[in-house]
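Comments concern the structure below.
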Amino acid sequence: DAKTTQPPSMDCAEGRAANLPCNHSTISGNEYVYWYRQIHSQGPQYIIHGLKNNETNEMASLIITEDRKSSTLILPHATLRDTAVYYCIRGGTSYGKLTFGQGTILTVHP
Amino acid sequence: NAGVTQTPKFQVLKTGQSMTLQCAQDMNHEYMSWYRQDPGMGLRLIHYSVGAGITDQGEVPNGYNVSRSTTEDFPLRLLSAAPSQTSVYFCASTSGVGASGNTIYFGEGSWLTVV
């Protein structure tokens with residue numbers, strides 16, 4: 001099964017860090033972990049991806065466990081505009097083939 | 001979602017009608033793909049292409065045809081629309097090269113209703 005497991009929903013207070021977990025216990029050695037988000041049924045927006053090491057960019061941080069069976073996306077200072085569905089996806093490096101699960105609905109409240 | 005353009009944005013079809021969803025990208029990406037998204041669900045891969053003249057099936061290909069005559073364009077054709085094809089359709093592209101993982105860019109979506 002190429003899908004991942006995420007909680008269906010999470011809440012976060014504005015200004016606080018949002019930590020979104022993802023389980024991918026059957027991930028293979030050459031599969032990356034990608035995070036995308038989708039706001040109001042717009043096209044999915046790329047956030048971050050990683051293979052083994054923790055990654056950080058201007059949007060978020062990605063923490064991958066040493067055994068690569070799970071990861072956590074961290075939005076360091078969540079804003080109301082971060083309310084969206086967040087997808088954790090595992091995929092190879094070619095063909096643009098991603099397998100989406102149902103994602104986590106993150107609601108950021110004032 | 002710079003660079004991936006989908007048309008039309010909204011379309012209503014009658015059962016049995018045919019139509020083509022257009023997708024174009026200006027990033028010179030080799031890899032393009034089509035996804036559909038049903039209410040409350042994640043995206044599912046319909047067809048994908050690894051370059052001009054090369055296409056392959058994804059998870060849910062039945063009822064859809066694709067072709068890739070140029071690098072820029074990847075149209076999705078519904079030959080005989082069915083109500084089960086009512087969905088939001090997303091086109092995506094990626095450079096698909098390199099060992100660092102590839103960002104995939106998505107279009108804004110095409111809302112299709114089949115009545």
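Chain labels follow the order of the structure tokens: the first chain is A, the next B, and so on; residue numbering restarts at 1 in every chain, and ligands are counted from 1 in their shown order.
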
For the interface of chain A with chain B (cut-off 10 Å, counting only C-alpha atoms), please tabulate each contacting residue of chain A alongside its nearest pair of atoms and their separation in Å to one decimal, rows sorted by chain and increasing number, as a Markdown table.
```
| residue | atom | partner | partner_atom | distance |
| --- | --- | --- | --- | --- |
| A:Asn30 | CA | B:Ala99 | CA | 9.4 |
| A:Glu31 | CA | B:Gly101 | CA | 8.7 |
| A:Tyr32 | CA | B:Gly101 | CA | 6.6 |
| A:Val33 | CA | B:Gly101 | CA | 9.0 |
| A:Tyr34 | CA | B:Thr103 | CA | 8.7 |
| A:Tyr36 | CA | B:Ile104 | CA | 9.6 |
| A:Gln38 | CA | B:Gly42 | CA | 9.8 |
| A:Ser41 | CA | B:Gly109 | CA | 8.1 |
| A:Gln42 | CA | B:Glu108 | CA | 5.5 |
| A:Gly43 | CA | B:Glu108 | CA | 4.6 |
| A:Pro44 | CA | B:Phe106 | CA | 6.2 |
| A:Gln45 | CA | B:Asn1 | CA | 7.2 |
| A:Tyr46 | CA | B:Thr103 | CA | 6.8 |
| A:Ile47 | CA | B:Thr103 | CA | 9.1 |
| A:Ile48 | CA | B:Thr103 | CA | 8.5 |
| A:His49 | CA | B:Gly101 | CA | 7.4 |
| A:Gly50 | CA | B:Gly101 | CA | 7.6 |
| A:Leu51 | CA | B:Gly101 | CA | 8.1 |
| A:Val85 | CA | B:Gly42 | CA | 9.5 |
| A:Tyr87 | CA | B:Gly42 | CA | 8.1 |
| A:Gly91 | CA | B:Gly101 | CA | 8.8 |
| A:Gly92 | CA | B:Gly101 | CA | 7.6 |
| A:Thr93 | CA | B:Gly101 | CA | 5.1 |
| A:Ser94 | CA | B:Gly96 | CA | 4.8 |
| A:Tyr95 | CA | B:Tyr31 | CA | 5.6 |
| A:Gly96 | CA | B:Thr94 | CA | 6.0 |
| A:Lys97 | CA | B:Leu45 | CA | 7.3 |
| A:Leu98 | CA | B:Leu45 | CA | 7.5 |
| A:Thr99 | CA | B:Arg44 | CA | 6.9 |
| A:Phe100 | CA | B:Gly42 | CA | 5.3 |
| A:Gly101 | CA | B:Gly42 | CA | 5.3 |
| A:Gln102 | CA | B:Gly42 | CA | 4.8 |
| A:Gly103 | CA | B:Gly42 | CA | 7.0 |
```

Residue subset to file, keeping N, CA, C and O atoms, as a short mmCIF file (atom, residue, chain, number, x, y, z; two decimals), in the first residue's frame:
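The new file again33.cif reads:
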```cif
data_model
loop_
_atom_site.label_atom_id
_atom_site.label_comp_id
_atom_site.auth_asym_id
_atom_site.auth_seq_id
_atom_site.Cartn_x
_atom_site.Cartn_y
_atom_site.Cartn_z
N ASN A 30 13.95 4.47 -1.66
CA ASN A 30 14.12 5.57 -2.62
C ASN A 30 12.90 6.48 -2.70
O ASN A 30 12.81 7.32 -3.59
N GLU A 31 11.96 6.30 -1.82
CA GLU A 31 10.76 7.13 -1.83
C GLU A 31 10.93 8.35 -0.93
O GLU A 31 11.34 8.22 0.22
N TYR A 32 10.60 9.49 -1.49
CA TYR A 32 10.62 10.71 -0.73
C TYR A 32 9.30 10.87 0.03
O TYR A 32 8.27 10.30 -0.35
N VAL A 33 9.33 11.70 1.04
CA VAL A 33 8.11 12.14 1.72
C VAL A 33 7.84 13.57 1.28
O VAL A 33 8.69 14.44 1.43
N TYR A 34 6.67 13.79 0.70
CA TYR A 34 6.26 15.10 0.25
C TYR A 34 5.11 15.60 1.12
O TYR A 34 4.27 14.82 1.57
N TYR A 36 2.04 18.46 0.75
CA TYR A 36 1.31 19.44 -0.03
C TYR A 36 0.11 19.90 0.80
O TYR A 36 -0.33 19.21 1.72
N GLN A 38 -3.88 21.95 0.36
CA GLN A 38 -4.91 22.36 -0.57
C GLN A 38 -5.88 23.27 0.18
O GLN A 38 -6.45 22.88 1.20
N SER A 41 -10.18 23.76 -2.24
CA SER A 41 -10.27 23.03 -3.51
C SER A 41 -9.46 23.66 -4.63
O SER A 41 -9.68 23.39 -5.80
N GLN A 42 -8.50 24.51 -4.26
CA GLN A 42 -7.55 24.99 -5.27
C GLN A 42 -6.58 23.86 -5.60
O GLN A 42 -6.60 22.81 -4.98
N GLY A 43 -5.70 24.07 -6.57
CA GLY A 43 -4.69 23.09 -6.86
C GLY A 43 -3.76 22.90 -5.68
O GLY A 43 -3.43 23.86 -4.98
N PRO A 44 -3.33 21.67 -5.41
CA PRO A 44 -2.41 21.44 -4.28
C PRO A 44 -1.16 22.29 -4.41
O PRO A 44 -0.62 22.47 -5.49
N GLN A 45 -0.70 22.76 -3.27
CA GLN A 45 0.48 23.62 -3.20
C GLN A 45 1.60 22.88 -2.52
O GLN A 45 1.43 22.34 -1.43
N TYR A 46 2.75 22.86 -3.15
CA TYR A 46 3.92 22.20 -2.58
C TYR A 46 4.38 22.92 -1.31
O TYR A 46 4.40 24.16 -1.26
N ILE A 47 4.73 22.14 -0.28
CA ILE A 47 5.27 22.74 0.95
C ILE A 47 6.74 22.37 1.12
O ILE A 47 7.61 23.23 1.17
N ILE A 48 7.02 21.09 1.17
CA ILE A 48 8.36 20.64 1.48
C ILE A 48 8.48 19.16 1.15
O ILE A 48 7.47 18.47 1.02
N HIS A 49 9.68 18.66 0.99
CA HIS A 49 9.87 17.22 0.85
C HIS A 49 11.23 16.84 1.43
O HIS A 49 12.11 17.69 1.63
N GLY A 50 11.38 15.54 1.70
CA GLY A 50 12.64 15.05 2.25
C GLY A 50 12.79 13.55 2.02
O GLY A 50 11.82 12.85 1.76
N LEU A 51 14.01 13.08 2.17
CA LEU A 51 14.30 11.65 2.01
C LEU A 51 14.70 11.02 3.34
O LEU A 51 14.07 10.10 3.82
N VAL A 85 -6.27 21.59 3.92
CA VAL A 85 -6.06 20.16 4.01
C VAL A 85 -4.60 19.89 3.68
O VAL A 85 -4.10 20.33 2.65
N TYR A 87 -1.63 17.18 2.95
CA TYR A 87 -1.41 15.82 2.48
C TYR A 87 0.06 15.43 2.67
O TYR A 87 0.96 16.15 2.23
N GLY A 91 6.47 9.24 -2.54
CA GLY A 91 6.57 9.07 -3.98
C GLY A 91 8.01 8.92 -4.44
O GLY A 91 8.93 9.35 -3.75
N GLY A 92 8.15 8.30 -5.60
CA GLY A 92 9.47 8.16 -6.19
C GLY A 92 9.93 9.46 -6.83
O GLY A 92 9.23 10.46 -6.80
N THR A 93 11.06 9.42 -7.40
CA THR A 93 11.67 10.65 -7.92
C THR A 93 11.30 10.90 -9.37
O THR A 93 11.71 11.90 -9.94
N SER A 94 10.52 10.02 -9.97
CA SER A 94 10.26 10.21 -11.38
C SER A 94 8.77 10.13 -11.69
O SER A 94 7.97 9.72 -10.84
N TYR A 95 8.43 10.53 -12.86
CA TYR A 95 7.09 10.40 -13.43
C TYR A 95 6.03 11.29 -12.80
O TYR A 95 4.93 11.36 -13.30
N GLY A 96 6.32 11.97 -11.70
CA GLY A 96 5.30 12.80 -11.10
C GLY A 96 4.12 12.04 -10.56
O GLY A 96 3.02 12.57 -10.44
N LYS A 97 4.32 10.78 -10.20
CA LYS A 97 3.23 9.97 -9.68
C LYS A 97 3.19 10.05 -8.18
O LYS A 97 4.09 9.61 -7.50
N LEU A 98 2.12 10.63 -7.69
CA LEU A 98 1.94 10.73 -6.25
C LEU A 98 0.67 10.00 -5.86
O LEU A 98 -0.31 10.03 -6.59
N THR A 99 0.68 9.38 -4.71
CA THR A 99 -0.52 8.72 -4.18
C THR A 99 -1.01 9.51 -2.98
O THR A 99 -0.34 9.55 -1.95
N PHE A 100 -2.15 10.15 -3.15
CA PHE A 100 -2.72 10.98 -2.09
C PHE A 100 -3.62 10.16 -1.18
O PHE A 100 -4.39 9.33 -1.65
N GLY A 101 -3.53 10.39 0.11
CA GLY A 101 -4.51 9.88 1.05
C GLY A 101 -5.59 10.93 1.25
O GLY A 101 -5.78 11.80 0.38
N GLN A 102 -6.29 10.87 2.37
CA GLN A 102 -7.36 11.84 2.61
C GLN A 102 -6.87 13.09 3.32
O GLN A 102 -7.59 14.07 3.41
N GLY A 103 -5.64 13.05 3.83
CA GLY A 103 -5.05 14.24 4.41
C GLY A 103 -5.58 14.60 5.78
O GLY A 103 -6.47 13.94 6.33
#
```

>> Among chain A, which residues does DSSP mark as strand (DSSP E or B) when it is run on the backbone? Keep the chain and numbering as in the structure and answer as a count of residues only.
In response: 51

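Coordinates place CA of Asn19 in chain A at a distance of 12.3 Å from CA of Ile105 in chain A.
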
> Any idea what's packed within 6 Å of range 57-62 of chain A, counting only C-alpha atoms, ignoring anything in its chain fewer than 5 positions away? Could you give it as a PyMOL selection string?
Replying inline: chain A and resi 72-75

Residues from the last selection, N, CA and C atoms, saved as an mmCIF file, in the first residue's frame:
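Result file is selection14.cif:
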```cif
data_model
loop_
_atom_site.group_PDB
_atom_site.id
_atom_site.type_symbol
_atom_site.label_atom_id
_atom_site.label_comp_id
_atom_site.auth_asym_id
_atom_site.auth_seq_id
_atom_site.Cartn_x
_atom_site.Cartn_y
_atom_site.Cartn_z
ATOM 1 N N THR A 72 6.933 14.409 10.659
ATOM 2 C CA THR A 72 6.098 15.484 11.189
ATOM 3 C C THR A 72 6.373 16.762 10.416
ATOM 4 N N LEU A 73 5.306 17.373 9.957
ATOM 5 C CA LEU A 73 5.405 18.685 9.331
ATOM 6 C C LEU A 73 5.169 19.725 10.409
ATOM 7 N N ILE A 74 6.042 20.709 10.470
ATOM 8 C CA ILE A 74 5.906 21.760 11.470
ATOM 9 C C ILE A 74 5.731 23.108 10.786
ATOM 10 N N LEU A 75 4.599 23.758 11.063
ATOM 11 C CA LEU A 75 4.397 25.144 10.666
ATOM 12 C C LEU A 75 4.706 25.972 11.898
#
```

> So, counting only C-alpha atoms, which residue among A:Lys52, A:Ile39, A:Ser28, A:Leu106 is closest to Pro8 in chain A?
Replying inline: A:Leu106

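Distances from A:Ala18, A:Leu80, A:Met10, A:Ile89 to Thr104 in chain A were compared using only C-alpha atoms, and the smallest one belongs to A:Met10.
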
> Could you name the residues that touch range 69-86 of chain B at 8 Å or less, counting only C-alpha atoms, but leaving out those on the same chain fewer than 4 positions away, as a PyMOL selection string?
Replying inline: chain B and resi 13-26+28-30+32-34+38+51-53+63-65+111-115

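For the choices A:Gln6, A:Lys69, A:Asp82, A:Glu14, the atom-to-atom distance to Pro110 in chain A is smallest for A:Glu14 when using only C-alpha atoms.
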
> How far is it from CA of Arg16 in chain A to CA of Tyr86 in chain A, in Å with one decimal?
Replying inline: 17.0 Å
